[in-house]
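Participant: The structure file coords-v7.txt (compact mmCIF, C-alpha atoms) is provided below.
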# COMPACT_ATOMS: atom_id res chain seq x y z
CA MET A 1 14.38 6.79 14.65
CA THR A 2 11.34 7.70 16.68
CA LYS A 3 8.54 5.36 17.68
CA ALA A 4 5.37 6.47 15.99
CA THR A 5 2.16 5.20 14.57
CA ALA A 6 0.94 6.22 11.15
CA PRO A 7 -1.62 9.03 11.02
CA GLU A 8 -5.13 7.67 11.18
CA ARG A 9 -7.21 6.96 8.16
CA VAL A 10 -10.83 7.84 8.57
CA ASP A 11 -13.04 5.26 6.86
CA GLU A 12 -11.77 1.77 7.60
CA ARG A 13 -10.35 2.82 10.94
CA ARG A 14 -13.77 4.01 12.06
CA ARG A 15 -15.26 0.63 11.16
CA GLN A 16 -12.66 -1.14 13.30
CA VAL A 17 -13.19 1.13 16.27
CA VAL A 18 -16.91 0.40 16.14
CA LYS A 19 -16.17 -3.33 16.13
CA LYS A 20 -13.38 -3.44 18.65
CA GLY A 21 -13.73 -0.20 20.58
CA VAL A 22 -14.13 -1.79 23.99
CA GLY A 23 -11.40 -4.40 23.52
CA LEU A 24 -8.84 -1.91 22.27
CA GLY A 25 -9.59 0.46 25.12
CA VAL A 26 -8.88 -2.24 27.67
CA LEU A 27 -5.72 -3.27 25.80
CA SER A 28 -4.46 0.33 25.82
CA LEU A 29 -4.90 0.47 29.58
CA LEU A 30 -2.96 -2.77 29.99
CA VAL A 31 -0.17 -1.35 27.83
CA ALA A 32 -0.12 1.85 29.86
CA ALA A 33 0.13 -0.27 33.00
CA GLY A 34 3.08 -2.13 31.47
CA ILE A 35 1.27 -5.48 31.41
CA PHE A 36 1.39 -5.85 27.62
CA PRO A 37 4.42 -4.78 25.56
CA ALA A 38 3.77 -1.86 23.23
CA GLU A 39 4.13 -3.94 20.07
CA THR A 40 0.86 -5.64 21.00
CA VAL A 41 -0.84 -2.42 20.01
CA LEU A 42 1.39 -1.72 17.04
CA ALA A 43 0.50 -5.10 15.50
CA ASP A 44 -1.47 -4.69 12.29
CA GLU A 45 -5.12 -4.35 13.34
CA ARG A 46 -6.38 -3.15 9.98
CA ALA A 47 -9.38 -5.18 8.87
CA LEU A 48 -8.64 -4.28 5.24
CA PHE A 49 -5.41 -6.28 5.38
CA LYS A 50 -6.96 -9.46 6.81
CA THR A 51 -9.34 -10.49 4.04
CA ASP A 52 -8.80 -13.54 1.85
CA SER A 53 -11.59 -13.32 -0.74
CA LEU A 54 -13.02 -10.67 -3.04
CA ARG A 55 -16.39 -10.94 -1.31
CA GLU A 56 -14.86 -10.33 2.13
CA THR A 57 -12.71 -7.48 0.82
CA LEU A 58 -15.74 -5.73 -0.71
CA GLU A 59 -17.61 -6.26 2.57
CA VAL A 60 -14.86 -4.54 4.59
CA LEU A 61 -15.00 -1.66 2.09
CA GLY A 62 -18.78 -1.44 2.47
CA VAL A 63 -19.39 -2.34 -1.19
CA SER A 64 -22.56 -4.45 -1.41
CA GLU A 65 -22.46 -5.52 -5.07
CA ARG A 66 -19.62 -6.83 -7.19
CA PRO A 67 -18.36 -3.76 -9.10
CA PRO A 68 -18.63 -3.83 -12.91
CA SER A 69 -15.54 -4.43 -15.02
CA SER A 70 -14.44 -1.35 -16.92
CA ASP A 71 -12.09 -0.83 -19.86
CA ALA A 72 -11.20 2.51 -18.27
CA VAL A 73 -9.46 0.61 -15.47
CA ARG A 74 -6.04 -0.47 -16.70
CA LEU A 75 -4.14 -3.19 -14.92
CA ASP A 76 -0.79 -3.88 -16.50
CA VAL A 77 0.82 -7.10 -15.23
CA PRO A 78 2.87 -9.82 -16.92
CA ASP A 79 1.01 -12.95 -18.10
CA VAL A 80 3.83 -15.02 -16.61
CA ALA A 81 5.98 -13.93 -13.64
CA ASP A 82 9.14 -15.94 -13.11
CA ASN A 83 9.81 -14.42 -9.69
CA GLY A 84 6.78 -14.05 -7.40
CA ALA A 85 8.79 -11.94 -4.95
CA LYS A 86 8.79 -9.01 -7.35
CA VAL A 87 5.98 -8.81 -9.90
CA PRO A 88 5.71 -5.47 -11.74
CA VAL A 89 2.26 -3.84 -11.63
CA THR A 90 0.90 -0.65 -13.16
CA LEU A 91 -2.53 0.54 -12.01
CA HIS A 92 -4.21 3.26 -14.06
CA SER A 93 -7.73 4.63 -13.92
CA GLU A 94 -9.16 6.75 -16.72
CA ILE A 95 -12.41 7.15 -14.81
CA GLU A 96 -13.25 10.78 -14.04
CA GLY A 97 -12.93 11.68 -10.37
CA THR A 98 -10.95 8.60 -9.32
CA ASP A 99 -10.25 8.86 -5.59
CA ALA A 100 -8.50 5.59 -4.86
CA ILE A 101 -7.27 2.33 -6.36
CA TRP A 102 -6.82 -0.92 -4.44
CA LEU A 103 -4.42 -3.61 -5.63
CA LEU A 104 -5.77 -7.08 -4.83
CA VAL A 105 -4.07 -10.47 -5.27
CA GLU A 106 -6.69 -13.18 -4.84
CA ASN A 107 -4.46 -16.10 -3.78
CA ASN A 108 -2.15 -14.23 -1.41
CA PRO A 109 -2.63 -14.95 2.34
CA ASN A 110 -4.11 -11.43 2.62
CA MET A 111 -5.83 -10.27 -0.51
CA VAL A 112 -5.20 -6.50 -0.29
CA ALA A 113 -1.68 -5.45 -1.22
CA ALA A 114 -2.20 -1.67 -1.03
CA ARG A 115 -4.64 1.19 -1.28
CA PHE A 116 -3.49 4.24 -3.24
CA ASP A 117 -5.26 7.56 -2.55
CA PHE A 118 -5.00 10.15 -5.30
CA PRO A 119 -5.66 13.76 -4.24
CA SER A 120 -6.93 16.01 -7.05
CA GLY A 121 -4.00 17.00 -9.24
CA THR A 122 -2.37 13.57 -9.00
CA VAL A 123 -2.73 11.29 -12.03
CA PRO A 124 -4.54 8.11 -10.85
CA LYS A 125 -1.75 5.92 -12.12
CA VAL A 126 0.94 4.20 -10.09
CA ARG A 127 3.67 1.69 -10.80
CA THR A 128 5.02 -0.68 -8.14
CA PHE A 129 6.09 -4.29 -7.46
CA VAL A 130 4.02 -6.84 -5.56
CA LYS A 131 4.72 -10.24 -4.00
CA MET A 132 2.65 -13.15 -5.32
CA ASN A 133 2.52 -16.39 -3.36
CA GLU A 134 1.27 -18.42 -6.33
CA THR A 135 -0.53 -18.18 -9.67
CA SER A 136 -3.54 -15.93 -9.12
CA ASP A 137 -6.06 -13.46 -10.41
CA VAL A 138 -5.03 -9.86 -9.71
CA TYR A 139 -7.57 -7.03 -9.45
CA ALA A 140 -7.49 -3.27 -9.65
CA LEU A 141 -10.47 -1.86 -7.77
CA VAL A 142 -11.26 1.81 -8.44
CA LYS A 143 -13.36 4.18 -6.35
CA SER A 144 -14.81 7.30 -7.92
CA GLY A 145 -17.19 9.10 -5.57
CA ASP A 146 -19.62 6.39 -4.45
CA ASP A 147 -18.98 4.17 -7.48
CA PHE A 148 -16.58 1.23 -7.80
CA TYR A 149 -15.13 -0.38 -10.94
CA MET A 150 -12.74 -3.27 -11.49
CA ALA A 151 -10.27 -4.84 -13.84
CA ARG A 152 -8.98 -8.41 -13.51
CA ARG A 153 -5.93 -10.14 -14.94
CA HIS A 154 -4.52 -13.63 -14.48
CA VAL A 155 -0.83 -13.96 -13.63
CA GLN A 156 0.97 -17.29 -13.78
CA VAL A 157 3.73 -17.43 -11.17
CA THR A 158 6.64 -19.79 -11.72
CA LEU A 159 8.31 -19.32 -8.29
CA GLY A 160 6.16 -18.05 -5.40
CA GLY A 161 7.28 -15.00 -3.45
CA CYS A 162 5.62 -14.98 -0.02
CA GLY A 163 6.56 -18.20 1.77
CA MET B 1 17.07 -1.22 11.23
CA ASN B 2 16.06 0.88 8.31
CA ASP B 3 18.69 3.56 8.32
CA GLU B 4 19.01 3.71 4.55
CA PRO B 5 17.38 6.85 3.17
CA THR B 6 14.55 6.60 0.67
CA ARG B 7 15.92 7.21 -2.80
CA ILE B 8 13.80 9.85 -4.47
CA ARG B 9 13.93 11.15 -8.03
CA ALA B 10 11.49 13.90 -9.03
CA VAL B 11 11.61 15.57 -12.43
CA ALA B 12 9.40 18.44 -13.64
CA ALA B 13 8.45 18.71 -17.32
CA ASP B 14 5.47 20.14 -19.23
CA GLY B 15 3.58 21.20 -16.10
CA MET B 16 3.83 17.75 -14.51
CA THR B 17 6.20 16.27 -11.97
CA GLU B 18 7.13 12.61 -12.20
CA VAL B 19 8.21 11.02 -8.91
CA ARG B 20 10.04 7.72 -8.56
CA LEU B 21 11.11 6.43 -5.18
CA ARG B 22 12.50 3.34 -3.50
CA MET B 23 12.28 2.83 0.25
CA SER B 24 14.75 0.57 2.02
CA HIS B 25 12.72 -1.99 3.99
CA PRO B 26 12.63 -5.81 4.33
CA MET B 27 8.80 -6.00 4.08
CA GLU B 28 8.73 -9.28 6.03
CA THR B 29 5.26 -10.76 5.72
CA GLY B 30 5.32 -12.92 8.86
CA PHE B 31 4.63 -15.97 6.68
CA ARG B 32 8.28 -16.91 6.02
CA GLU B 33 10.49 -19.30 7.96
CA ASP B 34 14.22 -19.05 8.62
CA GLY B 35 16.71 -21.92 8.06
CA GLN B 36 15.74 -23.53 11.40
CA GLY B 37 12.03 -23.59 10.62
CA ARG B 38 11.22 -20.66 12.90
CA THR B 39 8.72 -18.09 11.67
CA ILE B 40 10.31 -14.76 10.79
CA PRO B 41 8.16 -12.14 12.54
CA PRO B 42 6.24 -9.63 10.40
CA HIS B 43 7.97 -6.32 9.77
CA TYR B 44 6.54 -4.18 7.01
CA ILE B 45 5.62 -0.64 6.05
CA THR B 46 1.96 0.16 6.66
CA ARG B 47 1.72 3.68 5.30
CA VAL B 48 3.53 5.93 2.84
CA ARG B 49 2.77 9.61 2.30
CA ILE B 50 4.35 11.77 -0.37
CA GLU B 51 4.12 15.56 -0.13
CA HIS B 52 5.00 18.40 -2.48
CA ASP B 53 5.81 21.55 -0.51
CA GLY B 54 3.57 20.39 2.34
CA ARG B 55 0.63 19.23 0.18
CA VAL B 56 -0.11 15.49 0.01
CA VAL B 57 0.22 14.20 -3.57
CA LEU B 58 -0.01 10.44 -2.86
CA ASP B 59 -1.15 8.55 0.22
CA VAL B 60 -0.75 4.77 0.36
CA GLU B 61 -2.03 2.20 2.86
CA VAL B 62 0.40 -0.66 2.56
CA GLY B 63 0.07 -4.34 3.41
CA PRO B 64 2.78 -7.01 3.68
CA ALA B 65 2.51 -7.91 -0.03
CA LEU B 66 4.39 -4.96 -1.50
CA ALA B 67 7.78 -6.25 -2.60
CA ALA B 68 10.88 -5.72 -0.41
CA ASP B 69 12.41 -2.26 -0.80
CA PRO B 70 9.08 -0.89 -2.07
CA TYR B 71 9.15 1.11 -5.29
CA LEU B 72 6.55 3.68 -6.35
CA ALA B 73 6.28 5.79 -9.49
CA PHE B 74 3.54 8.36 -10.17
CA SER B 75 2.94 11.90 -11.50
CA PHE B 76 1.13 15.01 -10.32
CA ARG B 77 0.22 18.34 -11.93
CA GLY B 78 2.45 21.26 -10.99
CA GLY B 79 5.83 21.26 -9.32
CA GLN B 80 8.93 23.19 -10.35
CA ALA B 81 12.64 22.60 -10.18
CA GLY B 82 13.98 23.38 -6.71
CA GLU B 83 10.72 22.65 -4.86
CA ARG B 84 10.67 19.86 -2.30
CA ILE B 85 9.28 16.33 -2.35
CA THR B 86 8.96 14.66 1.06
CA VAL B 87 8.47 10.92 1.51
CA SER B 88 7.35 9.62 4.91
CA TRP B 89 6.72 6.02 5.93
CA TRP B 90 5.59 4.16 9.04
CA ASP B 91 6.01 0.45 9.79
CA THR B 92 4.67 -2.32 12.05
CA GLU B 93 7.47 -1.83 14.59
CA GLY B 94 6.59 1.82 15.15
CA ASN B 95 9.50 3.11 13.09
CA GLU B 96 9.05 6.27 11.07
CA ARG B 97 11.25 7.71 8.39
CA GLU B 98 11.11 10.98 6.43
CA ASP B 99 13.33 11.89 3.47
CA GLU B 100 13.38 14.83 1.11
CA ALA B 101 14.56 15.59 -2.39
CA GLU B 102 14.45 18.60 -4.67
CA ILE B 103 12.53 18.49 -7.92
CA ARG B 104 14.90 18.72 -10.86
Now, as a test, write the supplied structure out as structure tokens.
Facilitator:
Amino acid sequence: MTKATAPERVDERRRQVVKKGVGLGVLSLLVAAGIFPAETVLADERALFKTDSLRETLEVLGVSERPPSSDAVRLDVPDVADNGAKVPVTLHSEIEGTDAIWLLVENNPNMVAARFDFPSGTVPKVRTFVKMNETSDVYALVKSGDDFYMARRHVQVTLGGCG
Amino acid sequence: MNDEPTRIRAVAADGMTEVRLRMSHPMETGFREDGQGRTIPPHYITRVRIEHDGRVVLDVEVGPALAADPYLAFSFRGGQAGERITVSWWDTEGNEREDEAEIR
């Protein structure tokens, strides 16, 4: 397998570069000079995956107000999950023009589990499995143009799946 | 290493294509400890991109919380039997993997 970094995302990446531009530049030079091992750079620098509250997550996304709850945002999760290592989740937005859905687990060490981008032609609905460290609220956050909407569900976890 | 191919199943019906896939990956969060109390270093997929004949149909930024051997299921408009679905992923160790399947 080849060593590679994922293609850049525009929005959150730009925010990070603004914050850390100088530091990263210096680090890259040190890597090039062989002073730091390459994995120093490959470590996860994404600000989106370092938040631990809804407020902080919204801040990283540049959302100033708490988005309204919407019945058009469907979040299908079990009320009780016996195994926190593998909790089934279906995210589904019926909001016109949905661009992206974030899956958030409030009590995980990092709140954001994933961001799903739906190009036009793709149904804004995805099914996956998420790890849950403990009993927690789970959110689906939907972006449509400049607008955000949410749905929240509570999942009771019998056996945690992160630690 | 992650030498297991991504299992991909794509079926076209009624003008839609339904894609289901499972990637082979430990998705270590970096929060777990081994039997001797040492932290198991993080090793997880950070990005998944699914393409239909070269056009992106789903793009996912992934954090450590997706379950091990991540599974995704979704649908897009269009797609016909015999056309290609490509699944690419990247992880925190700089590994990259690309697998293909034909729509049935």
Participant: Return the single residue from A:Gly160, A:Lys143, A:Ser136, A:Glu59 that is closest to Leu104 of chain A, with distances computed using all atoms listed in the file.
Facilitator: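 With all atoms listed in the file as the atom set, the closest residue is A:Ser136.
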Participant: Do you know which residues are at most 12 Å from Ala65 of chain B counting only C-alpha atoms, after dropping those on the same chain fewer than 4 positions away, and could you put them as a VMD selection string?
Facilitator: (chain A and resid 49 to 50 84 to 87 103 to 115 128 to 133 161 to 163) or (chain B and resid 26 to 31 42 to 46 61 69 to 70)
Participant: To one decimal place, how far is atom CA of Glu134 of chain A from atom CA of Arg49 of chain B in Å?
Facilitator: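 Answer for the atom CA of Glu134 of chain A to atom CA of Arg49 of chain B separation: 29.4 Å.
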Participant: My list of candidates is B:Val11, B:Val87, B:Ala101, B:Ala81. Which is closest to Val60 of chain B when distances are computed with all atoms listed in the file?
Facilitator: B:Val87
Participant: Listed atoms of segment 95-99 of chain B, axis-aligned box, 6 Å per side: centre and edge lengths to one decimal in Å, as JSON?
Facilitator:
{"center_x": 11.2, "center_y": 7.5, "center_z": 8.3, "size_x": 16.3, "size_y": 20.8, "size_z": 21.6}
Participant: Please output segment 131-151 of chain A, rebuilt to include N, CA, C and O atoms, as a JSON list (two decimals), keeping the file's coordinate frame.
Facilitator:
[["chain", "number", "residue", "atom", "x", "y", "z"],
["A", 131, "LYS", "N", 4.39, -8.83, -4.21],
["A", 131, "LYS", "CA", 4.72, -10.24, -4.00],
["A", 131, "LYS", "C", 3.50, -11.09, -4.35],
["A", 131, "LYS", "O", 2.38, -10.74, -4.01],
["A", 132, "MET", "N", 3.73, -12.21, -5.03],
["A", 132, "MET", "CA", 2.65, -13.15, -5.32],
["A", 132, "MET", "C", 3.06, -14.53, -4.85],
["A", 132, "MET", "O", 4.07, -15.07, -5.26],
["A", 133, "ASN", "N", 2.24, -15.10, -3.96],
["A", 133, "ASN", "CA", 2.52, -16.39, -3.36],
["A", 133, "ASN", "C", 2.44, -17.52, -4.38],
["A", 133, "ASN", "O", 3.16, -18.50, -4.30],
["A", 134, "GLU", "N", 1.51, -17.37, -5.33],
["A", 134, "GLU", "CA", 1.27, -18.42, -6.33],
["A", 134, "GLU", "C", 0.50, -17.80, -7.49],
["A", 134, "GLU", "O", 0.11, -16.64, -7.44],
["A", 135, "THR", "N", 0.29, -18.60, -8.53],
["A", 135, "THR", "CA", -0.53, -18.18, -9.67],
["A", 135, "THR", "C", -1.89, -17.69, -9.18],
["A", 135, "THR", "O", -2.50, -18.30, -8.30],
["A", 136, "SER", "N", -2.34, -16.55, -9.71],
["A", 136, "SER", "CA", -3.54, -15.93, -9.12],
["A", 136, "SER", "C", -4.17, -14.92, -10.07],
["A", 136, "SER", "O", -3.51, -14.38, -10.95],
["A", 137, "ASP", "N", -5.45, -14.64, -9.83],
["A", 137, "ASP", "CA", -6.06, -13.46, -10.41],
["A", 137, "ASP", "C", -5.60, -12.24, -9.62],
["A", 137, "ASP", "O", -5.44, -12.30, -8.40],
["A", 138, "VAL", "N", -5.40, -11.14, -10.33],
["A", 138, "VAL", "CA", -5.03, -9.86, -9.71],
["A", 138, "VAL", "C", -6.12, -8.86, -10.11],
["A", 138, "VAL", "O", -6.60, -8.87, -11.25],
["A", 139, "TYR", "N", -6.53, -8.02, -9.17],
["A", 139, "TYR", "CA", -7.57, -7.03, -9.45],
["A", 139, "TYR", "C", -7.07, -5.61, -9.18],
["A", 139, "TYR", "O", -6.30, -5.38, -8.25],
["A", 140, "ALA", "N", -7.55, -4.69, -10.00],
["A", 140, "ALA", "CA", -7.49, -3.27, -9.65],
["A", 140, "ALA", "C", -8.92, -2.85, -9.36],
["A", 140, "ALA", "O", -9.81, -3.05, -10.19],
["A", 141, "LEU", "N", -9.14, -2.31, -8.17],
["A", 141, "LEU", "CA", -10.47, -1.86, -7.77],
["A", 141, "LEU", "C", -10.42, -0.34, -7.65],
["A", 141, "LEU", "O", -9.59, 0.19, -6.91],
["A", 142, "VAL", "N", -11.30, 0.34, -8.38],
["A", 142, "VAL", "CA", -11.26, 1.81, -8.44],
["A", 142, "VAL", "C", -12.49, 2.39, -7.76],
["A", 142, "VAL", "O", -13.61, 1.91, -7.97],
["A", 143, "LYS", "N", -12.25, 3.43, -6.97],
["A", 143, "LYS", "CA", -13.36, 4.18, -6.35],
["A", 143, "LYS", "C", -13.41, 5.57, -6.94],
["A", 143, "LYS", "O", -12.40, 6.28, -6.97],
["A", 144, "SER", "N", -14.59, 5.95, -7.42],
["A", 144, "SER", "CA", -14.81, 7.30, -7.92],
["A", 144, "SER", "C", -16.10, 7.80, -7.28],
["A", 144, "SER", "O", -17.18, 7.31, -7.63],
["A", 145, "GLY", "N", -16.00, 8.71, -6.33],
["A", 145, "GLY", "CA", -17.19, 9.10, -5.57],
["A", 145, "GLY", "C", -17.74, 7.89, -4.84],
["A", 145, "GLY", "O", -17.01, 7.23, -4.11],
["A", 146, "ASP", "N", -19.02, 7.56, -5.09],
["A", 146, "ASP", "CA", -19.62, 6.39, -4.45],
["A", 146, "ASP", "C", -19.57, 5.16, -5.34],
["A", 146, "ASP", "O", -20.09, 4.11, -4.98],
["A", 147, "ASP", "N", -18.96, 5.27, -6.51],
["A", 147, "ASP", "CA", -18.98, 4.17, -7.48],
["A", 147, "ASP", "C", -17.65, 3.40, -7.50],
["A", 147, "ASP", "O", -16.58, 3.98, -7.32],
["A", 148, "PHE", "N", -17.77, 2.10, -7.73],
["A", 148, "PHE", "CA", -16.58, 1.23, -7.80],
["A", 148, "PHE", "C", -16.54, 0.53, -9.16],
["A", 148, "PHE", "O", -17.58, 0.17, -9.72],
["A", 149, "TYR", "N", -15.35, 0.33, -9.67],
["A", 149, "TYR", "CA", -15.13, -0.38, -10.94],
["A", 149, "TYR", "C", -13.92, -1.29, -10.76],
["A", 149, "TYR", "O", -13.08, -1.06, -9.89],
["A", 150, "MET", "N", -13.83, -2.31, -11.65],
["A", 150, "MET", "CA", -12.74, -3.27, -11.49],
["A", 150, "MET", "C", -12.10, -3.62, -12.82],
["A", 150, "MET", "O", -12.70, -3.47, -13.89],
["A", 151, "ALA", "N", -10.90, -4.14, -12.72],
["A", 151, "ALA", "CA", -10.27, -4.84, -13.84],
["A", 151, "ALA", "C", -9.61, -6.07, -13.24],
["A", 151, "ALA", "O", -9.16, -6.05, -12.09]]
